[in-house]
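Below is the file coords_35.cif, which contains mmCIF, C-alpha atoms.
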data_structure
loop_
_atom_site.label_atom_id
_atom_site.label_comp_id
_atom_site.auth_asym_id
_atom_site.auth_seq_id
_atom_site.Cartn_x
_atom_site.Cartn_y
_atom_site.Cartn_z
CA MET A 1 77.49 2.68 21.42
CA ILE A 2 78.88 6.06 22.39
CA ALA A 3 82.59 6.40 21.68
CA GLY A 4 84.74 5.89 24.75
CA PHE A 5 82.15 3.94 26.73
CA ALA A 6 83.42 0.59 27.98
CA ARG A 7 80.32 -1.53 28.28
CA ALA A 8 80.30 -4.08 31.06
CA GLY A 9 78.98 -6.87 28.81
CA VAL A 10 75.78 -8.82 29.13
CA VAL A 11 74.41 -8.85 32.68
CA ALA A 12 72.89 -12.14 33.80
CA ALA A 13 69.19 -11.99 34.62
CA LEU A 14 68.61 -12.05 38.37
CA THR A 15 65.76 -14.16 39.73
CA VAL A 16 64.94 -13.11 43.28
CA LEU A 17 61.97 -12.17 45.39
CA VAL A 18 62.10 -8.40 45.96
CA VAL A 19 60.64 -6.46 48.84
CA ALA A 20 58.75 -3.22 48.22
CA GLY A 21 59.42 -1.66 51.60
CA CYS A 22 61.46 -1.79 54.80
CA ALA A 23 60.72 -1.81 58.51
CA ALA A 24 61.96 1.17 60.44
CA SER A 25 64.76 1.67 62.93
CA PRO A 26 64.16 3.72 66.09
CA SER A 27 65.42 6.91 64.40
CA SER A 28 63.36 6.46 61.24
CA THR A 29 59.76 6.84 60.26
CA THR A 30 57.73 3.70 59.63
CA PRO A 31 57.12 2.70 56.01
CA SER A 32 53.60 1.83 55.04
CA THR A 33 54.42 -1.56 53.43
CA PRO A 34 56.11 -4.23 55.54
CA PRO A 35 58.70 -6.46 53.88
CA ALA A 36 57.84 -9.77 52.29
CA SER A 37 60.71 -12.22 52.20
CA PRO A 38 61.67 -15.79 51.40
CA SER A 39 63.18 -15.84 54.89
CA ALA A 40 60.85 -16.93 57.69
CA SER A 41 62.24 -14.30 60.04
CA PRO A 42 63.84 -11.34 58.26
CA VAL A 43 65.85 -9.14 60.56
CA VAL A 44 65.60 -5.36 60.81
CA ILE A 45 69.17 -4.29 61.55
CA ASP A 46 69.49 -1.15 63.65
CA VAL A 47 72.36 1.13 62.65
CA SER A 48 70.63 4.27 63.87
CA ALA A 49 73.39 5.14 66.34
CA GLU A 50 76.01 4.98 63.58
CA LEU A 51 73.93 7.04 61.19
CA ASP A 52 73.05 9.56 63.90
CA ALA A 53 76.79 10.00 64.43
CA LEU A 54 77.41 10.52 60.71
CA GLU A 55 74.64 13.12 60.54
CA LEU A 56 76.31 14.98 63.38
CA GLU A 57 79.80 14.63 61.91
CA TYR A 58 78.81 15.86 58.45
CA ASP A 59 76.08 18.29 59.57
CA ALA A 60 73.58 16.60 57.26
CA ARG A 61 70.34 14.67 57.14
CA VAL A 62 70.58 11.08 55.92
CA GLY A 63 67.91 8.76 54.55
CA VAL A 64 68.51 5.06 53.87
CA SER A 65 66.41 2.17 52.64
CA ALA A 66 68.25 -1.11 52.04
CA ILE A 67 66.97 -4.64 51.58
CA ASP A 68 68.77 -7.93 51.14
CA THR A 69 66.60 -9.57 48.48
CA GLY A 70 67.75 -13.04 49.51
CA SER A 71 67.15 -12.98 53.25
CA GLY A 72 64.72 -10.09 53.57
CA ASP A 73 67.01 -8.46 56.15
CA SER A 74 66.80 -4.67 55.98
CA VAL A 75 68.20 -1.38 57.17
CA ALA A 76 65.97 1.69 57.34
CA PHE A 77 66.61 5.23 58.50
CA ARG A 78 64.32 8.19 57.75
CA VAL A 79 62.82 5.99 55.03
CA ASP A 80 59.67 8.04 54.55
CA GLU A 81 61.24 11.49 54.80
CA ARG A 82 61.51 13.52 51.61
CA PHE A 83 64.82 14.36 49.96
CA GLY A 84 65.67 15.98 46.66
CA PHE A 85 66.47 13.21 44.21
CA ALA A 86 68.75 15.19 41.84
CA SER A 87 70.24 13.02 39.07
CA THR A 88 69.45 9.68 40.70
CA VAL A 89 66.08 9.95 38.96
CA LYS A 90 67.86 9.41 35.64
CA ILE A 91 67.90 5.67 36.28
CA PHE A 92 64.11 5.72 36.17
CA VAL A 93 64.12 7.96 33.10
CA ALA A 94 66.21 5.30 31.36
CA ALA A 95 64.03 2.48 32.68
CA GLU A 96 60.90 4.18 31.37
CA PHE A 97 62.62 4.68 28.02
CA LEU A 98 63.42 0.97 27.82
CA ARG A 99 59.86 0.09 28.84
CA GLN A 100 58.15 2.41 26.36
CA VAL A 101 60.39 2.46 23.29
CA ALA A 102 60.62 -0.65 21.13
CA PRO A 103 64.14 -1.84 20.30
CA ALA A 104 63.62 -1.06 16.62
CA ASP A 105 62.85 2.59 17.46
CA ARG A 106 65.85 3.17 19.73
CA ASP A 107 68.28 3.69 16.85
CA VAL A 108 66.67 6.91 15.63
CA VAL A 109 69.37 9.60 15.48
CA VAL A 110 68.56 12.83 17.31
CA THR A 111 70.34 16.18 17.11
CA TRP A 112 70.18 19.24 19.37
CA THR A 113 71.44 22.79 19.56
CA ARG A 114 74.03 24.66 21.57
CA ALA A 115 71.14 26.45 23.24
CA ASP A 116 69.82 23.09 24.48
CA ILE A 117 73.19 22.37 26.08
CA ASP A 118 73.48 25.84 27.57
CA ARG A 119 70.04 25.51 29.16
CA ALA A 120 70.62 22.02 30.54
CA GLY A 121 74.06 22.51 32.04
CA TYR A 122 76.40 19.55 32.58
CA SER A 123 76.43 17.71 29.23
CA PRO A 124 79.81 16.10 28.45
CA VAL A 125 78.58 13.55 25.91
CA THR A 126 76.07 15.67 24.02
CA THR A 127 78.61 18.48 23.79
CA GLU A 128 81.03 16.09 22.10
CA HIS A 129 78.32 14.98 19.65
CA LEU A 130 76.73 18.36 18.95
CA VAL A 131 77.38 18.04 15.20
CA ASP A 132 76.60 14.39 14.50
CA GLY A 133 73.97 13.64 17.15
CA LEU A 134 73.29 10.33 18.87
CA THR A 135 70.65 7.63 18.79
CA LEU A 136 67.93 7.63 21.42
CA ALA A 137 69.52 4.56 23.02
CA GLU A 138 72.90 6.30 23.19
CA LEU A 139 71.27 9.32 24.79
CA ALA A 140 69.59 7.17 27.45
CA GLU A 141 72.93 5.50 28.08
CA ALA A 142 74.67 8.87 28.40
CA ALA A 143 72.06 10.02 30.91
CA VAL A 144 72.94 7.09 33.18
CA ARG A 145 76.67 6.55 32.61
CA GLU A 146 77.73 10.19 32.45
CA SER A 147 74.69 11.95 34.00
CA ASP A 148 74.43 14.05 30.83
CA ASN A 149 71.71 16.67 31.36
CA THR A 150 70.93 17.42 27.71
CA ALA A 151 70.62 13.71 26.98
CA THR A 152 68.26 13.40 29.93
CA ASN A 153 66.08 16.26 28.73
CA ILE A 154 65.83 14.79 25.22
CA ILE A 155 64.71 11.44 26.61
CA ILE A 156 62.22 13.05 29.00
CA GLU A 157 60.78 15.08 26.12
CA HIS A 158 60.59 11.96 23.94
CA LEU A 159 58.61 10.21 26.67
CA GLY A 160 56.16 13.11 26.92
CA GLY A 161 57.67 15.36 29.59
CA PRO A 162 57.95 15.17 33.39
CA ALA A 163 54.24 14.39 33.79
CA ALA A 164 54.56 11.35 31.55
CA LEU A 165 57.60 10.23 33.49
CA ALA A 166 55.64 10.57 36.72
CA SER A 167 52.95 8.35 35.19
CA GLY A 168 55.64 5.83 34.34
CA LEU A 169 56.74 5.74 37.96
CA GLU A 170 53.16 5.06 38.95
CA THR A 171 53.35 1.85 36.91
CA LEU A 172 56.08 0.81 39.35
CA GLY A 173 53.68 1.52 42.21
CA ASP A 174 55.41 4.78 43.09
CA GLN A 175 52.85 7.31 44.31
CA THR A 176 55.50 9.25 46.24
CA THR A 177 58.12 10.64 43.86
CA ALA A 178 57.17 14.09 42.54
CA ILE A 179 58.85 14.74 39.20
CA VAL A 180 57.96 18.25 38.14
CA ASP A 181 60.89 19.56 36.11
CA ASP A 182 63.60 18.54 33.69
CA GLU A 183 67.28 19.54 33.91
CA PRO A 184 68.54 21.61 35.57
CA ALA A 185 65.44 22.61 37.57
CA LEU A 186 64.82 19.04 38.77
CA ASN A 187 67.66 19.67 41.24
CA GLU A 188 65.76 22.52 42.92
CA VAL A 189 63.86 21.77 46.10
CA SER A 190 61.86 24.48 47.84
CA PRO A 191 61.23 24.29 51.60
CA GLY A 192 57.84 22.78 52.30
CA SER A 193 57.33 21.58 48.71
CA ALA A 194 57.31 17.96 47.55
CA ASP A 195 58.34 18.96 44.02
CA ASN A 196 61.46 17.15 42.78
CA THR A 197 61.64 14.97 45.89
CA THR A 198 61.22 11.33 46.80
CA THR A 199 61.79 9.07 49.81
CA PRO A 200 64.40 6.33 50.29
CA ALA A 201 61.61 3.77 50.65
CA ALA A 202 60.06 4.77 47.32
CA PHE A 203 63.30 4.56 45.34
CA THR A 204 64.30 1.20 46.82
CA ALA A 205 60.82 -0.16 46.09
CA ASN A 206 61.17 1.06 42.48
CA LEU A 207 64.48 -0.78 42.14
CA GLY A 208 62.75 -3.88 43.47
CA VAL A 209 59.99 -3.77 40.87
CA LEU A 210 62.58 -3.35 38.10
CA LEU A 211 64.63 -6.22 39.49
CA ASP A 212 61.86 -8.75 39.79
CA GLY A 213 60.70 -8.46 36.18
CA GLN A 214 57.35 -6.74 36.70
CA SER A 215 58.26 -3.79 34.50
CA LEU A 216 61.16 -4.57 32.16
CA ALA A 217 61.90 -7.49 29.87
CA THR A 218 64.99 -9.48 30.82
CA ASP A 219 67.10 -8.02 28.02
CA ASP A 220 66.05 -4.46 28.89
CA PHE A 221 66.84 -4.94 32.55
CA ALA A 222 70.24 -6.34 31.55
CA THR A 223 70.83 -3.20 29.48
CA LEU A 224 69.84 -0.96 32.38
CA VAL A 225 72.19 -2.74 34.81
CA ASP A 226 74.95 -2.57 32.21
CA TRP A 227 74.55 1.21 32.00
CA MET A 228 74.50 1.49 35.80
CA SER A 229 77.61 -0.67 36.03
CA GLY A 230 79.42 1.83 33.84
CA ASN A 231 78.30 4.85 35.85
CA ALA A 232 81.28 7.20 35.70
CA THR A 233 80.09 9.38 38.58
CA GLY A 234 79.69 6.87 41.41
CA ASP A 235 83.17 5.60 42.27
CA ASN A 236 83.37 7.68 45.47
CA LEU A 237 79.89 6.80 46.73
CA VAL A 238 78.28 3.39 47.42
CA ARG A 239 81.05 1.68 45.48
CA ALA A 240 83.65 3.24 47.80
CA GLY A 241 81.80 1.98 50.88
CA ALA A 242 81.07 -1.56 49.66
CA PRO A 243 83.10 -4.50 50.95
CA SER A 244 85.85 -5.78 48.66
CA GLY A 245 84.56 -8.02 45.89
CA TRP A 246 80.99 -6.75 46.00
CA VAL A 247 79.68 -5.58 42.62
CA VAL A 248 77.90 -2.20 42.56
CA ALA A 249 75.61 -0.94 39.78
CA ASP A 250 74.45 2.54 40.71
CA LYS A 251 73.23 5.99 39.77
CA SER A 252 74.46 9.02 41.64
CA GLY A 253 72.99 12.48 42.00
CA GLY A 254 74.21 15.73 43.46
CA ALA A 255 73.41 19.43 43.51
CA GLY A 256 74.21 22.05 46.15
CA GLY A 257 73.94 20.27 49.48
CA ILE A 258 72.24 17.17 48.01
CA ARG A 259 74.32 14.02 47.45
CA ASN A 260 72.65 10.69 46.70
CA ASP A 261 73.34 7.25 45.32
CA ILE A 262 70.96 4.38 44.56
CA ALA A 263 72.37 0.98 43.78
CA ILE A 264 72.00 -2.72 43.16
CA VAL A 265 74.82 -4.29 45.15
CA THR A 266 75.69 -7.95 44.60
CA PRO A 267 77.85 -9.77 47.16
CA PRO A 268 79.71 -12.86 45.88
CA GLY A 269 77.42 -15.87 45.72
CA ARG A 270 74.40 -14.02 47.09
CA ALA A 271 71.25 -12.30 45.94
CA PRO A 272 71.47 -8.52 45.40
CA ILE A 273 71.06 -5.86 48.04
CA LEU A 274 69.01 -2.84 46.96
CA VAL A 275 70.03 0.42 48.60
CA SER A 276 68.98 4.06 48.35
CA ILE A 277 71.11 6.61 50.20
CA LEU A 278 69.81 10.19 50.09
CA THR A 279 71.58 13.01 51.93
CA THR A 280 71.33 16.75 52.25
CA LYS A 281 73.47 19.22 54.18
CA THR A 282 71.78 21.07 57.03
CA ASP A 283 73.22 24.33 55.75
CA ALA A 284 71.55 24.89 52.40
CA ALA A 285 74.57 26.89 51.24
CA ALA A 286 77.05 24.10 52.01
CA ASP A 287 78.45 21.81 49.33
CA TYR A 288 77.71 18.09 49.40
CA GLN A 289 80.33 15.55 50.48
CA ASP A 290 80.89 12.22 48.70
CA ALA A 291 82.54 10.88 51.84
CA LEU A 292 79.23 11.01 53.70
CA VAL A 293 77.52 8.69 51.21
CA ALA A 294 80.50 6.33 51.23
CA ALA A 295 80.51 6.24 55.03
CA VAL A 296 76.77 5.54 55.15
CA ALA A 297 77.18 2.77 52.58
CA ALA A 298 79.97 1.21 54.62
CA GLU A 299 77.75 1.09 57.73
CA VAL A 300 74.68 -0.20 55.91
CA LEU A 301 76.36 -2.82 53.72
CA GLY A 302 78.58 -3.89 56.57
CA ALA A 303 75.48 -4.53 58.65
CA LEU A 304 74.00 -6.66 55.84
CA ALA A 305 77.24 -8.53 55.09
#

Using structure tokens, write down the structure that the file contains.
Amino acid sequence: MIAGFARAGVVAALTVLVVAGCAASPSSTTPSTPPASPSASPVVIDVSAELDALELEYDARVGVSAIDTGSGDSVAFRVDERFGFASTVKIFVAAEFLRQVAPADRDVVVTWTRADIDRAGYSPVTTEHLVDGLTLAELAEAAVRESDNTATNIIIEHLGGPAALASGLETLGDQTTAIVDDEPALNEVSPGSADNTTTPAAFTANLGVLLDGQSLATDDFATLVDWMSGNATGDNLVRAGAPSGWVVADKSGGAGGIRNDIAIVTPPGRAPILVSILTTKTDAAADYQDALVAAVAAEVLGALA
């Protein structure tokens, strides 16, 4: 384990029926796959007026896909619109690592150069371990917990590059997310291009497939949730907007005007809620605001409480 990381301990396996899509609110586009639910009559909760107001207040575009995996109740807003994913994609990099790499092969120690760090940008953990290196598992953990860019690039390269990662997402049923680059270029979104973008519906569906055991073994999913639970970059996002006592395991992302968070949120005594919140400022030169994501989370999770 990387020095200084406080691991959350073993995460209990969650056995729930997960939905791979949400129904739309009046201000959202309609997803192609309707929800399936253990509930006879899942409810589509409309918070479009509240989210419209937040878009106006923060001068931003907001996309949300949330599903209560116990009841099937959902919230959806701009679910099929494209947003830059930024570092939220690192959760799926780590998931693909856990799916592809056998436990016995995760302890291989890898080293890198100062040039690798300089190219990648934000790399707090790999900078600290420039001399001694880290195991592949520690690098995957650093990519999620600390959003370390060099660690992310090493794992992506080990998996075979962005194209191989895109193929891994296809195993989750994701035909939407367009992973073209590694760090830092994966944060760049050009007008009119799908490169380095996804939709809220796609990311929430991916979380659902991971949660219901179709892709990861129980122990590997527990490891992934453990890493998400220790995410050092998400305290001001979904976690800040969640009701008291709700447990949030998340992965944040941000660059320029893009600020996102995707999360597995567990209310006391209930099945998890899966939520993807993707935002981008209307002014491409404006900086993102954590408070927007927290405010959206408060509206969405409050509606599903």

Considering all atoms listed in the file, can you say which of A:Gly302, A:Gln175, A:Trp246, A:Ala284 comes closest to Arg270 in chain A?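 Nearest to Arg270 in chain A: A:Trp246.
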
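Neighbours of range 151-155 of chain A closer than or equal to 7 Å, with all atoms listed in the file counted and sequence neighbours fewer than 3 positions away skipped, come out as Lys90, Thr126, Leu139, Ala140, Ala142, Ala143, Asp148, His158, Leu159, Asp182 and Glu183 of chain A.
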
Quick one: of A:Glu96, A:Asp250, A:Asp181, A:Glu170, who's nearest to Met228 in chain A, counting only C-alpha atoms?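 When distances to Met228 in chain A are compared using only C-alpha atoms, the smallest one comes from A:Asp250.
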
Between CA of Leu98 in chain A and CA of Ala164 in chain A, distance in Å (one decimal):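 Calculated distance between CA of Leu98 in chain A and CA of Ala164 in chain A is 14.1 Å.
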
Apply the PyMOL selection byres ((chain A and resi 64) around 9) to the structure shown and report the selected residues as a tab-separated table (two decimals) with C-alpha atoms, keeping the file's coordinate frame.
chain	number	residue	atom	x	y	z
A	62	VAL	CA	70.58	11.08	55.92
A	63	GLY	CA	67.91	8.76	54.55
A	65	SER	CA	66.41	2.17	52.64
A	66	ALA	CA	68.25	-1.11	52.04
A	75	VAL	CA	68.20	-1.38	57.17
A	76	ALA	CA	65.97	1.69	57.34
A	77	PHE	CA	66.61	5.23	58.50
A	78	ARG	CA	64.32	8.19	57.75
A	79	VAL	CA	62.82	5.99	55.03
A	199	THR	CA	61.79	9.07	49.81
A	200	PRO	CA	64.40	6.33	50.29
A	201	ALA	CA	61.61	3.77	50.65
A	275	VAL	CA	70.03	0.42	48.60
A	276	SER	CA	68.98	4.06	48.35
A	277	ILE	CA	71.11	6.61	50.20
A	278	LEU	CA	69.81	10.19	50.09
A	279	THR	CA	71.58	13.01	51.93
A	296	VAL	CA	76.77	5.54	55.15
A	300	VAL	CA	74.68	-0.20	55.91

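Minimum distance to Ala53 in chain A across A:Leu304, A:Glu299, A:Thr266, A:Ser71 (counting all atoms listed in the file) occurs at A:Glu299.
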
Just to confirm, what's the straight-line distance from CA of Ala303 in chain A to CA of Asp46 in chain A in Å (one decimal)? 8.5 Å

Shortest interatomic distance to Ile117 in chain A - which of A:Thr218, A:Ser48, A:Gln100, A:Thr150, counting all atoms listed in the file: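 Among A:Thr218, A:Ser48, A:Gln100, A:Thr150, it is A:Thr150 that comes nearest to Ile117 in chain A.
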
For Leu216 in chain A: contacts at 8 Å, all atoms listed in the file, fewer than 6 positions along chain excluded, given as a compact mmCIF listing (two decimals) with C-alpha atoms, keeping the file's coordinate frame:
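Contents of out-v8.txt, freshly written:
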# COMPACT_ATOMS: atom_id res chain seq x y z
CA ALA A 95 64.03 2.48 32.68
CA LEU A 98 63.42 0.97 27.82
CA ARG A 99 59.86 0.09 28.84
CA LEU A 210 62.58 -3.35 38.10

Check the smallest atom-to-atom distance from each of A:Ala263, A:Leu56, A:Val125, A:Ala137 to Val89 in chain A using only C-alpha atoms, then report the winner.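 For Val89 in chain A, the nearest of the given residues is A:Ala263.
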